[in-house]
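**Q** Have a look at this one before I ask anything.
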Amino acid sequence: MEKRIQFLEANLDRYNFHETIAKIETYIALRKPIHHTGVNADKINMMKTNPKFKKIINEAALINPDGMSIVLAAQVCKQPKLERVAGIDVMTRLLEIAAKKGYRVYFLGTSEPILKKMIDRITTDYPTLPIAGYHHGYFKATEEVEIVENIRKNKADLLFIALPSPQKEYFVDSYMEAMNVPVSIGVGGSFDVIAGEIKRAPKWMQALSLEWLFRMMQEPRRLAKRYLVGNLIFLNHVIREKRKQILEKR
């Protein structure tokens, strides 16, 4: 079965959660640096207007649909079935595995107070986890080389990056080989969730594809425009794709 499709100009892998975890472990064993990313409605919108960002996403070795909007849109447009694989779930599972197997983990992103709070939580929950290092996400461009060198010399197996897009994608694209980390993973707001600063939507809201609404209710000033306007823009992309399919069938 072909595991990668292209939809809305984005490459998307059809791996389920367990297959995704298995692929990541395979890449760790290979020791060749790869980029793992997730795609949601916001990223589709960004890809439509930012060719550099689009190229980086589409060239990633592993690309999960990280948003029910993508999964539902694919169904509407009669695409092969996709399964949502959320970055927070991937990160949590990999922390469990790393604590058991000794994978060295590096964390990059969020504010320094939240990062330290997350590290405290992780060291409590996973006392055997080898932490290669961590750095907050509020660094200057002039500090990037020093951060990259710190990641490289600490020989991380997994790099979790919680920087905003497209900053995190540009960072991985520029430094993936220099960092020499087998798997670099963009995890969005996962650091804030693990630190307890942001609550994750209840399971019933996730099941109804309302996780975006729950997030917006927690941070209305920051996220209202992104979700309300962004979702309309994404919907327009889906409608155009559906119309294109109808016209092609005529």
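In the structure tokens, chains take the letters A, B, ... in the order shown, each chain's residues start at 1, and ligands count up from 1 in the order shown.
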Please provide the set of residues having any atom within 12 Å of region 125-130 of chain A, restricted to only C-alpha atoms, with same-chain residues fewer than 2 positions apart removed, written as JSON, numbers by chain.
**A** {"A": [92, 93, 94, 95, 96, 97, 98, 99, 100, 101, 102, 103, 104, 105, 106, 107, 118, 119, 120, 121, 122, 123, 132, 133, 134, 154, 155, 156, 157, 158, 194, 195]}
**Q** Using only C-alpha atoms, I'd like a table of the residues in region 13-38 of chain A that come within 9 Å of region 54-66 of chain A; for each, show the closest atom pair and its distance in Å rounded to one decimal, ordered by chain and ascending number, as JSON lines.
**A**
{"residue": "A:Asp13", "atom": "CA", "partner": "A:Ile63", "partner_atom": "CA", "distance": 5.4}
{"residue": "A:Arg14", "atom": "CA", "partner": "A:Asn64", "partner_atom": "CA", "distance": 7.4}
{"residue": "A:Tyr15", "atom": "CA", "partner": "A:Asn64", "partner_atom": "CA", "distance": 7.4}
{"residue": "A:Asn16", "atom": "CA", "partner": "A:Asn64", "partner_atom": "CA", "distance": 8.6}
{"residue": "A:Thr20", "atom": "CA", "partner": "A:Leu62", "partner_atom": "CA", "distance": 8.1}
{"residue": "A:Lys23", "atom": "CA", "partner": "A:Leu62", "partner_atom": "CA", "distance": 8.3}
{"residue": "A:Ile24", "atom": "CA", "partner": "A:Leu62", "partner_atom": "CA", "distance": 8.4}
{"residue": "A:Ile34", "atom": "CA", "partner": "A:Ala61", "partner_atom": "CA", "distance": 5.9}
{"residue": "A:His35", "atom": "CA", "partner": "A:Ala60", "partner_atom": "CA", "distance": 5.1}
{"residue": "A:His36", "atom": "CA", "partner": "A:Leu62", "partner_atom": "CA", "distance": 4.7}
{"residue": "A:Thr37", "atom": "CA", "partner": "A:Ile63", "partner_atom": "CA", "distance": 5.1}
{"residue": "A:Gly38", "atom": "CA", "partner": "A:Asn64", "partner_atom": "CA", "distance": 4.6}
**Q** Check region 19-86 of chain A with DSSP on the backbone and list each residue it calls strand (DSSP E), as a list in words.
**A**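 Answer for region 19-86 of chain A, restricted to strand (DSSP E): Ile34, His35, His36, Thr37, Gly38, Val39, Leu62, Ile63, Asn64 and Pro65 of chain A.
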**Q** Determine the nearest neighbour of Ile70 (chain A) from the options A:Arg221, A:Lys249, A:Lys117, A:His237, counting only C-alpha atoms.
**A**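 Once distances to Ile70 (chain A) are computed over only C-alpha atoms, the minimum belongs to A:His237.
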**Q** Name the closest residue to Leu108 (chain A) among the candidates A:Ile151, A:Val229, A:Val90, A:Met47; distances are taken between atoms, counting only C-alpha atoms.
**A** A:Ile151
**Q** Compile the contact shell of region 169-176 of chain A as a PyMOL selection string: residues with an atom at most 9 Å away, counting only C-alpha atoms, same-chain residues fewer than 5 positions apart removed.
**A** chain A and resi 33-35+37+52-53+56-57+144-145+148+161+163-164+181-186
**Q** If you run DSSP on the backbone here, which positions in region 87-240 of chain A get alpha helix (DSSP H)? Please write them as number ranges by chain.
**A** A: 87-101, 112-125, 144-153, 167-179, 190-194, 203-207, 211-218, 220-224, 230-240
**Q** Got a sec: who's within 12 Å of Glu197 (chain A), counting only C-alpha atoms, leaving out chain neighbours fewer than 4 positions off, as a PyMOL selection string?
**A** chain A and resi 110-111+113-118+121+189-193+215+218-219
**Q** The selected residues should be written to file as a tab-separated table (two decimals), in the first residue's frame (atoms: N, CA, C and O atoms).
**A**
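See again33.tsv below for the written result:
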chain	number	residue	atom	x	y	z
A	110	THR	N	9.76	27.01	23.73
A	110	THR	CA	8.91	27.69	24.71
A	110	THR	C	9.74	28.67	25.58
A	110	THR	O	10.94	28.88	25.35
A	111	SER	N	9.12	29.27	26.57
A	111	SER	CA	9.82	30.22	27.44
A	111	SER	C	10.64	29.47	28.47
A	111	SER	O	10.36	28.30	28.78
A	113	PRO	N	10.80	29.78	31.84
A	113	PRO	CA	10.06	29.29	33.01
A	113	PRO	C	9.21	28.05	32.69
A	113	PRO	O	9.18	27.10	33.48
A	114	ILE	N	8.54	28.05	31.53
A	114	ILE	CA	7.71	26.90	31.16
A	114	ILE	C	8.58	25.70	30.84
A	114	ILE	O	8.25	24.56	31.21
A	115	LEU	N	9.70	25.93	30.18
A	115	LEU	CA	10.63	24.83	29.86
A	115	LEU	C	11.12	24.16	31.14
A	115	LEU	O	11.12	22.93	31.24
A	116	LYS	N	11.51	24.95	32.12
A	116	LYS	CA	12.00	24.38	33.38
A	116	LYS	C	10.89	23.62	34.11
A	116	LYS	O	11.14	22.56	34.71
A	117	LYS	N	9.68	24.14	34.03
A	117	LYS	CA	8.54	23.46	34.64
A	117	LYS	C	8.31	22.11	33.95
A	117	LYS	O	8.01	21.11	34.61
A	118	MET	N	8.43	22.10	32.62
A	118	MET	CA	8.25	20.85	31.87
A	118	MET	C	9.35	19.85	32.21
A	118	MET	O	9.07	18.66	32.41
A	121	ARG	N	8.65	18.23	35.44
A	121	ARG	CA	7.56	17.25	35.31
A	121	ARG	C	8.08	15.97	34.65
A	121	ARG	O	7.76	14.85	35.10
A	189	GLY	N	2.72	23.02	20.53
A	189	GLY	CA	2.57	23.49	21.92
A	189	GLY	C	2.67	22.39	22.96
A	189	GLY	O	2.21	22.57	24.09
A	190	SER	N	3.30	21.27	22.59
A	190	SER	CA	3.36	20.12	23.51
A	190	SER	C	4.10	20.44	24.80
A	190	SER	O	3.74	19.92	25.87
A	191	PHE	N	5.13	21.27	24.75
A	191	PHE	CA	5.88	21.61	25.97
A	191	PHE	C	4.95	22.28	26.98
A	191	PHE	O	4.99	21.98	28.18
A	192	ASP	N	4.13	23.18	26.50
A	192	ASP	CA	3.20	23.92	27.37
A	192	ASP	C	2.17	22.99	27.97
A	192	ASP	O	1.77	23.15	29.14
A	193	VAL	N	1.74	21.99	27.20
A	193	VAL	CA	0.76	21.02	27.69
A	193	VAL	C	1.37	20.16	28.79
A	193	VAL	O	0.79	19.99	29.86
A	215	ARG	N	-8.73	25.04	22.37
A	215	ARG	CA	-7.48	25.80	22.42
A	215	ARG	C	-7.76	27.29	22.32
A	215	ARG	O	-7.17	28.10	23.04
A	218	GLN	N	-8.93	28.90	25.47
A	218	GLN	CA	-7.90	29.11	26.47
A	218	GLN	C	-7.05	30.34	26.17
A	218	GLN	O	-6.59	31.02	27.08
A	219	GLU	N	-6.82	30.60	24.88
A	219	GLU	CA	-5.99	31.74	24.48
A	219	GLU	C	-6.68	32.53	23.36
A	219	GLU	O	-6.20	32.58	22.23
**Q** Could you state the separation of CA of Lys242 (chain A) and CA of Asn11 (chain A) in Å, given to one decimal place?
**A**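 Calculated distance between CA of Lys242 (chain A) and CA of Asn11 (chain A) is 17.6 Å.
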**Q** Go through region 155-239 of chain A residue by residue and, counting only C-alpha atoms, keep those with an atom at most 12 Å from region 6-9 of chain A; for each kept residue give the shortest atom pair and its distance in Å to one decimal, ordered by chain and increasing number, as a tab-separated table.
**A**
residue	atom	partner	partner_atom	distance
A:Phe234	CA	A:Leu8	CA	9.7
A:Leu235	CA	A:Leu8	CA	11.2
A:Asn236	CA	A:Leu8	CA	11.1
A:His237	CA	A:Leu8	CA	7.4
A:Val238	CA	A:Leu8	CA	7.5
A:Ile239	CA	A:Leu8	CA	10.6
**Q** Could you check how far CA of Glu25 (chain A) sits from CA of Ala86 (chain A), in Å to one decimal?
**A**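 That distance, rounded to one decimal, is 17.1 Å.
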**Q** Could you work out how far CA of Pro51 (chain A) lies from CA of Leu12 (chain A), giving the answer in Å with one decimal?
**A**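 It comes out at 16.9 Å.
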**Q** With only C-alpha atoms as the atoms that count, which of A:His135, A:Lys3, A:Arg240, A:Lys140 lies nearest to Leu159 (chain A)?
**A** A:His135
